[in-house]
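*Asks:* Got a structure for you, written out below as structure tokens; questions coming shortly.
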Amino acid sequence: MNWKGVTPAITTCFGKDLKVDHGFMADHCRWLLENGCTGIVALGSLGEGATLSFDEKVEVLRTCVEAVHRRGPVVASISALTTSEAVSLARAAADLGCDGLMVLPPYVYQGDWREMKTHVAVVFEATPLSCMLYNNPVAYGTDFLPEQIRELAAEHENFEAVKESSTDARRVSAIRALMDRRLEISVGVDDAVLEAIGVGATGWVAGLANALPRESVELFKCGINGESARAFELYRWFLPLLRMDTVPNFVQLIKLVQAEVGIGNPRVRPPRLEVVGNELEQARKIIRDALRSRPQSVSNYALPNKK
């Protein structure tokens with residue numbers, strides 16, 4: 001599977017009744033690929049996977065696969081409270097036609113290396129699908145160190161990529177130093193994308209791409225191609241928005257950016273609540289200021305159907 005390029009971690013759109021809006025999600029998936037994204041990752045942290053039932057997760061994956069029609073890979077984020085449920089979801093994803101899995105440590109329980117290795121290994125072995133390990137110690141409390149990642153890679157041929165979200169770009173260079181090109185490495189923190197590319201990242205599992213895919217793809221391409229002047233010009237413009245991916249209420253803020261550009265709505269499922277008051281006004285100011293100075297070279301594209 002191609003793990004390179006910009007792959008949005010897609011948001012899950014909800015209607016007024018807080019049920020999944022499958023029609024919008026299908027349109028959103030197609031629109032992201034039409035605007036240069038490599039594929040999509042569904043049900044991740046940004047996709048509010050923890051608030052979805054097992055059956056809802058399966059239906060979201062079905063919608064994504066049917067919408068994409070093999071025009072790009074669909075990656076299922078695999079996270080659960082138990083290893084058995086994670087395995088069931090991985091197998092369901094394979095049966096639905098997903099192209100890869102992004103494997104997370106279990107929710108809540110922060111075990112030792114022996115336990116975490118066993119958990120992800122069992123998920124890797126559950127299907128023949130290509131797998132990405134999601135390392136996000138800030139959010140999940142489990143830190144997969146470069147030496148541990150090397151150990152997993154030596155034992156699992158279908159372990160092919162890492163989403164590195166430790167916020168430390170040195171982790172990318174450390175993985176590269178240990179394994180060279182054995183694994184593709186994606187940066188998972190939006191405001192560290194150029195830094196990660198500089199030390200060996202070849203992919204970006206992106207948040208703000210949900211609302212601004214062309215800008216995200218252009219930034220990534222400039223970074224990969226060594227066009228440093230253009231890359232930093234875009235980065236300076238983009239950073240106030242990219243930093244919204246790095247705070248606890250990143251889901252609310254990225255959905256708010258989507259709403260401001262006319263792509264979706266700000267609804268989230270409890271326990272999350274939409275931002276209000278001063279926080280809302282400050283966020284809107286940042287978003288609107290950025291949109292007023294939006295780079296014209298990449299900003300003219302049609303919106304998907306809005307719900």
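Simple scheme: letters A, B, ... for chains in structure tokens order, numbers from 1 for residues in each chain, numbers from 1 for ligands in the order shown.
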Using only C-alpha atoms, which protein or nucleic acid residues come within 7 Å of stretch 159-167 of chain A? Drop anything in the same chain fewer than 6 positions from it, and give the result as a list in words.
*Replies:*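 Those residues are Trp3, Phe124, Ser130, Cys131, Met132, Leu133, Tyr134, Asn135, Asn136, Pro137, Val138, Ala153, Leu183, Glu184, Ile185, Ser186, Val187, Gly188 and Val189 of chain A.
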*Asks:* For those residues, write N, CA and C atoms to a file as a short mmCIF file (atom, residue, chain, number, x, y, z; two decimals), in the first residue's frame.
*Replies:*
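Final output, again-v6.cif:
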```
data_model
loop_
_atom_site.label_atom_id
_atom_site.label_comp_id
_atom_site.auth_asym_id
_atom_site.auth_seq_id
_atom_site.Cartn_x
_atom_site.Cartn_y
_atom_site.Cartn_z
N TRP A 3 1.79 4.47 1.50
CA TRP A 3 1.64 5.24 2.73
C TRP A 3 2.22 6.65 2.59
N PHE A 124 -1.97 -6.83 14.10
CA PHE A 124 -1.21 -7.00 12.86
C PHE A 124 -1.50 -8.37 12.24
N SER A 130 -1.87 -4.23 5.04
CA SER A 130 -0.74 -3.40 5.44
C SER A 130 -1.12 -2.58 6.67
N CYS A 131 -0.18 -2.47 7.62
CA CYS A 131 -0.47 -1.83 8.90
C CYS A 131 0.46 -0.65 9.19
N MET A 132 -0.13 0.37 9.77
CA MET A 132 0.59 1.52 10.30
C MET A 132 0.42 1.52 11.81
N LEU A 133 1.50 1.68 12.55
CA LEU A 133 1.43 1.83 14.00
C LEU A 133 1.29 3.31 14.33
N TYR A 134 0.33 3.61 15.17
CA TYR A 134 0.09 5.00 15.57
C TYR A 134 0.72 5.24 16.93
N ASN A 135 1.79 6.03 16.94
CA ASN A 135 2.46 6.36 18.20
C ASN A 135 2.08 7.77 18.64
N ASN A 136 1.24 7.85 19.66
CA ASN A 136 0.79 9.14 20.18
C ASN A 136 0.78 9.09 21.70
N PRO A 137 1.97 9.19 22.33
CA PRO A 137 2.03 9.08 23.79
C PRO A 137 1.32 10.22 24.50
N VAL A 138 1.19 11.38 23.84
CA VAL A 138 0.51 12.51 24.47
C VAL A 138 -0.94 12.18 24.72
N ALA A 153 8.87 -4.47 13.71
CA ALA A 153 9.07 -4.55 12.27
C ALA A 153 9.80 -5.83 11.87
N LEU A 183 10.47 1.09 7.00
CA LEU A 183 9.13 1.60 7.27
C LEU A 183 8.97 2.98 6.64
N GLU A 184 7.76 3.24 6.15
CA GLU A 184 7.41 4.61 5.81
C GLU A 184 7.03 5.32 7.12
N ILE A 185 7.35 6.59 7.21
CA ILE A 185 7.04 7.35 8.41
C ILE A 185 6.18 8.54 8.04
N SER A 186 5.03 8.64 8.69
CA SER A 186 4.15 9.79 8.51
C SER A 186 4.19 10.65 9.76
N VAL A 187 4.20 11.95 9.56
CA VAL A 187 4.07 12.87 10.68
C VAL A 187 2.58 12.97 11.01
N GLY A 188 2.27 12.95 12.30
CA GLY A 188 0.88 13.01 12.73
C GLY A 188 0.54 14.26 13.51
N VAL A 189 1.46 15.22 13.54
CA VAL A 189 1.24 16.49 14.24
C VAL A 189 1.35 17.59 13.19
#
```
*Asks:* Write out, as JSON lines, each residue of stretch 39-99 of chain A that has an atom at most 9 Å from stretch 202-216 of chain A, together with the closest pair of atoms and their distance in Å to one decimal, counting only C-alpha atoms, rows going by chain and rising number.
*Replies:*
```
{"residue": "A:Ile40", "atom": "CA", "partner": "A:Val205", "partner_atom": "CA", "distance": 8.5}
{"residue": "A:Val41", "atom": "CA", "partner": "A:Val205", "partner_atom": "CA", "distance": 7.7}
{"residue": "A:Leu46", "atom": "CA", "partner": "A:Gly207", "partner_atom": "CA", "distance": 7.3}
```
*Asks:* Excluding A:Phe14 and any residue of its chain fewer than 2 positions from it, enumerate the residues within 12 Å of it, using only C-alpha atoms, and give them as a PyMOL selection string.
*Replies:* chain A and resi 11-12+16-25+47-48+51-52+56+60+255+264-270+307
*Asks:* Pick out the residues sitting within 12 Å of A:Trp31, and hand them over as a VMD selection string; count only C-alpha atoms, and ignore anything fewer than 3 positions along from it in its own chain.
*Replies:* chain A and resid 8 10 24 to 28 34 to 40 64 67 to 68 71 to 72 209 to 214 263 301 to 306
*Asks:* Taking the chain letters and numbering used in this document, name the residues of stretch 38-145 of chain A that DSSP puts in helix (DSSP H, G or I), as a ChimeraX atom specification.
*Replies:* /A:49-51,54-68,83-96,113-126,137-140
*Asks:* Any chance you can output those residues with N, CA and C atoms as a compact mmCIF listing (two decimals), in the first residue's frame?
*Replies:*
```txt
# COMPACT_ATOMS: atom_id res chain seq x y z
N GLY A 49 -13.60 8.27 16.97
CA GLY A 49 -13.86 6.84 17.01
C GLY A 49 -14.31 6.33 18.36
N ALA A 50 -13.84 6.95 19.43
CA ALA A 50 -14.19 6.48 20.77
C ALA A 50 -15.66 6.71 21.10
N THR A 51 -16.34 7.58 20.34
CA THR A 51 -17.75 7.86 20.61
C THR A 51 -18.68 7.04 19.73
N PHE A 54 -19.49 -0.11 17.74
CA PHE A 54 -18.84 -1.01 16.77
C PHE A 54 -19.59 -0.99 15.45
N ASP A 55 -20.91 -1.10 15.50
CA ASP A 55 -21.68 -1.12 14.27
C ASP A 55 -21.57 0.20 13.51
N GLU A 56 -21.52 1.32 14.23
CA GLU A 56 -21.35 2.60 13.56
C GLU A 56 -19.99 2.68 12.88
N LYS A 57 -18.97 2.16 13.52
CA LYS A 57 -17.64 2.16 12.90
C LYS A 57 -17.66 1.36 11.59
N VAL A 58 -18.30 0.23 11.62
CA VAL A 58 -18.38 -0.60 10.41
C VAL A 58 -19.09 0.15 9.30
N GLU A 59 -20.17 0.84 9.63
CA GLU A 59 -20.91 1.57 8.60
C GLU A 59 -20.13 2.76 8.06
N VAL A 60 -19.36 3.43 8.92
CA VAL A 60 -18.50 4.52 8.44
C VAL A 60 -17.48 3.96 7.45
N LEU A 61 -16.85 2.85 7.79
CA LEU A 61 -15.88 2.26 6.87
C LEU A 61 -16.54 1.85 5.56
N ARG A 62 -17.74 1.30 5.64
CA ARG A 62 -18.45 0.90 4.42
C ARG A 62 -18.69 2.13 3.52
N THR A 63 -19.12 3.23 4.14
CA THR A 63 -19.36 4.46 3.39
C THR A 63 -18.08 4.94 2.71
N CYS A 64 -16.98 4.93 3.43
CA CYS A 64 -15.72 5.41 2.87
C CYS A 64 -15.26 4.54 1.71
N VAL A 65 -15.32 3.24 1.88
CA VAL A 65 -14.87 2.33 0.82
C VAL A 65 -15.73 2.50 -0.42
N GLU A 66 -17.05 2.56 -0.24
CA GLU A 66 -17.94 2.70 -1.39
C GLU A 66 -17.75 4.05 -2.08
N ALA A 67 -17.45 5.09 -1.32
CA ALA A 67 -17.28 6.43 -1.89
C ALA A 67 -15.99 6.52 -2.71
N VAL A 68 -14.95 5.88 -2.23
CA VAL A 68 -13.64 6.01 -2.87
C VAL A 68 -13.52 5.15 -4.12
N THR A 83 -8.42 -6.11 23.29
CA THR A 83 -7.74 -6.65 22.13
C THR A 83 -8.72 -7.41 21.24
N SER A 84 -9.64 -8.14 21.84
CA SER A 84 -10.58 -8.93 21.04
C SER A 84 -11.45 -8.04 20.16
N GLU A 85 -11.89 -6.91 20.69
CA GLU A 85 -12.70 -6.00 19.88
C GLU A 85 -11.87 -5.37 18.77
N ALA A 86 -10.61 -5.04 19.07
CA ALA A 86 -9.73 -4.48 18.05
C ALA A 86 -9.54 -5.48 16.90
N VAL A 87 -9.37 -6.75 17.24
CA VAL A 87 -9.23 -7.78 16.22
C VAL A 87 -10.50 -7.90 15.38
N SER A 88 -11.66 -7.86 16.05
CA SER A 88 -12.93 -7.95 15.32
C SER A 88 -13.10 -6.79 14.35
N LEU A 89 -12.71 -5.59 14.78
CA LEU A 89 -12.83 -4.44 13.90
C LEU A 89 -11.85 -4.54 12.74
N ALA A 90 -10.63 -5.01 13.00
CA ALA A 90 -9.65 -5.18 11.93
C ALA A 90 -10.17 -6.15 10.88
N ARG A 91 -10.76 -7.24 11.31
CA ARG A 91 -11.28 -8.24 10.37
C ARG A 91 -12.48 -7.69 9.60
N ALA A 92 -13.31 -6.92 10.28
CA ALA A 92 -14.44 -6.30 9.60
C ALA A 92 -13.95 -5.32 8.54
N ALA A 93 -12.91 -4.56 8.86
CA ALA A 93 -12.35 -3.61 7.91
C ALA A 93 -11.82 -4.34 6.67
N ALA A 94 -11.15 -5.45 6.87
CA ALA A 94 -10.64 -6.22 5.74
C ALA A 94 -11.79 -6.75 4.90
N ASP A 95 -12.83 -7.26 5.53
CA ASP A 95 -13.98 -7.80 4.80
C ASP A 95 -14.68 -6.72 3.98
N LEU A 96 -14.67 -5.48 4.48
CA LEU A 96 -15.33 -4.38 3.78
C LEU A 96 -14.53 -3.86 2.59
N TRP A 113 5.56 -2.68 27.98
CA TRP A 113 5.91 -3.02 26.61
C TRP A 113 5.44 -4.41 26.23
N ARG A 114 5.56 -5.38 27.12
CA ARG A 114 5.13 -6.75 26.79
C ARG A 114 3.65 -6.77 26.44
N GLU A 115 2.83 -6.05 27.19
CA GLU A 115 1.39 -6.03 26.94
C GLU A 115 1.04 -5.24 25.68
N MET A 116 1.68 -4.09 25.50
CA MET A 116 1.37 -3.27 24.33
C MET A 116 1.86 -3.94 23.05
N LYS A 117 3.02 -4.59 23.12
CA LYS A 117 3.51 -5.32 21.96
C LYS A 117 2.56 -6.44 21.58
N THR A 118 2.09 -7.16 22.57
CA THR A 118 1.16 -8.26 22.31
C THR A 118 -0.12 -7.74 21.67
N HIS A 119 -0.63 -6.63 22.18
CA HIS A 119 -1.88 -6.08 21.65
C HIS A 119 -1.75 -5.74 20.17
N VAL A 120 -0.74 -4.93 19.82
CA VAL A 120 -0.64 -4.51 18.42
C VAL A 120 -0.23 -5.68 17.53
N ALA A 121 0.57 -6.61 18.06
CA ALA A 121 0.98 -7.76 17.26
C ALA A 121 -0.22 -8.62 16.87
N VAL A 122 -1.13 -8.82 17.80
CA VAL A 122 -2.32 -9.62 17.52
C VAL A 122 -3.17 -8.94 16.44
N VAL A 123 -3.26 -7.63 16.49
CA VAL A 123 -4.01 -6.91 15.46
C VAL A 123 -3.29 -7.00 14.11
N PHE A 124 -1.97 -6.83 14.10
CA PHE A 124 -1.21 -7.00 12.86
C PHE A 124 -1.50 -8.37 12.24
N GLU A 125 -1.56 -9.39 13.07
CA GLU A 125 -1.71 -10.76 12.59
C GLU A 125 -3.14 -11.13 12.22
N ALA A 126 -4.09 -10.27 12.55
CA ALA A 126 -5.51 -10.60 12.34
C ALA A 126 -5.91 -10.59 10.87
N PRO A 137 1.97 9.19 22.33
CA PRO A 137 2.03 9.08 23.79
C PRO A 137 1.32 10.22 24.50
N VAL A 138 1.19 11.38 23.84
CA VAL A 138 0.51 12.51 24.47
C VAL A 138 -0.94 12.18 24.72
N ALA A 139 -1.60 11.58 23.73
CA ALA A 139 -3.04 11.29 23.83
C ALA A 139 -3.33 9.96 24.52
N TYR A 140 -2.48 8.94 24.27
CA TYR A 140 -2.82 7.59 24.71
C TYR A 140 -1.95 7.05 25.84
```
*Asks:* For the atom pair atom CA of A:Pro106 and atom CA of A:Ser77, what is the interatomic distance in Å to one decimal place?
*Replies:*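 Going from atom CA of A:Pro106 over to atom CA of A:Ser77 covers 11.8 Å.
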*Asks:* Quick check for you: according to DSSP on this backbone, which residues of stretch 26-218 of chain A are classed as strand (DSSP E or B)? Reply as a PyMOL selection string.
*Replies:* chain A and resi 40-42+74-78+100-103+130-135+159-164+184-187+203-206
*Asks:* So, counting only C-alpha atoms, which residue among A:Ile175, A:Ala229, A:Val257, A:Leu101 is closest to A:Phe144?
*Replies:* A:Ile175
*Asks:* Excluding stretch 271-279 of chain A and any residue of its chain fewer than 6 positions from it, enumerate the residues within 9 Å of it, using only C-alpha atoms, and give them as JSON, numbers by chain.
*Replies:* {"A": [51, 249, 251, 252, 253, 256]}
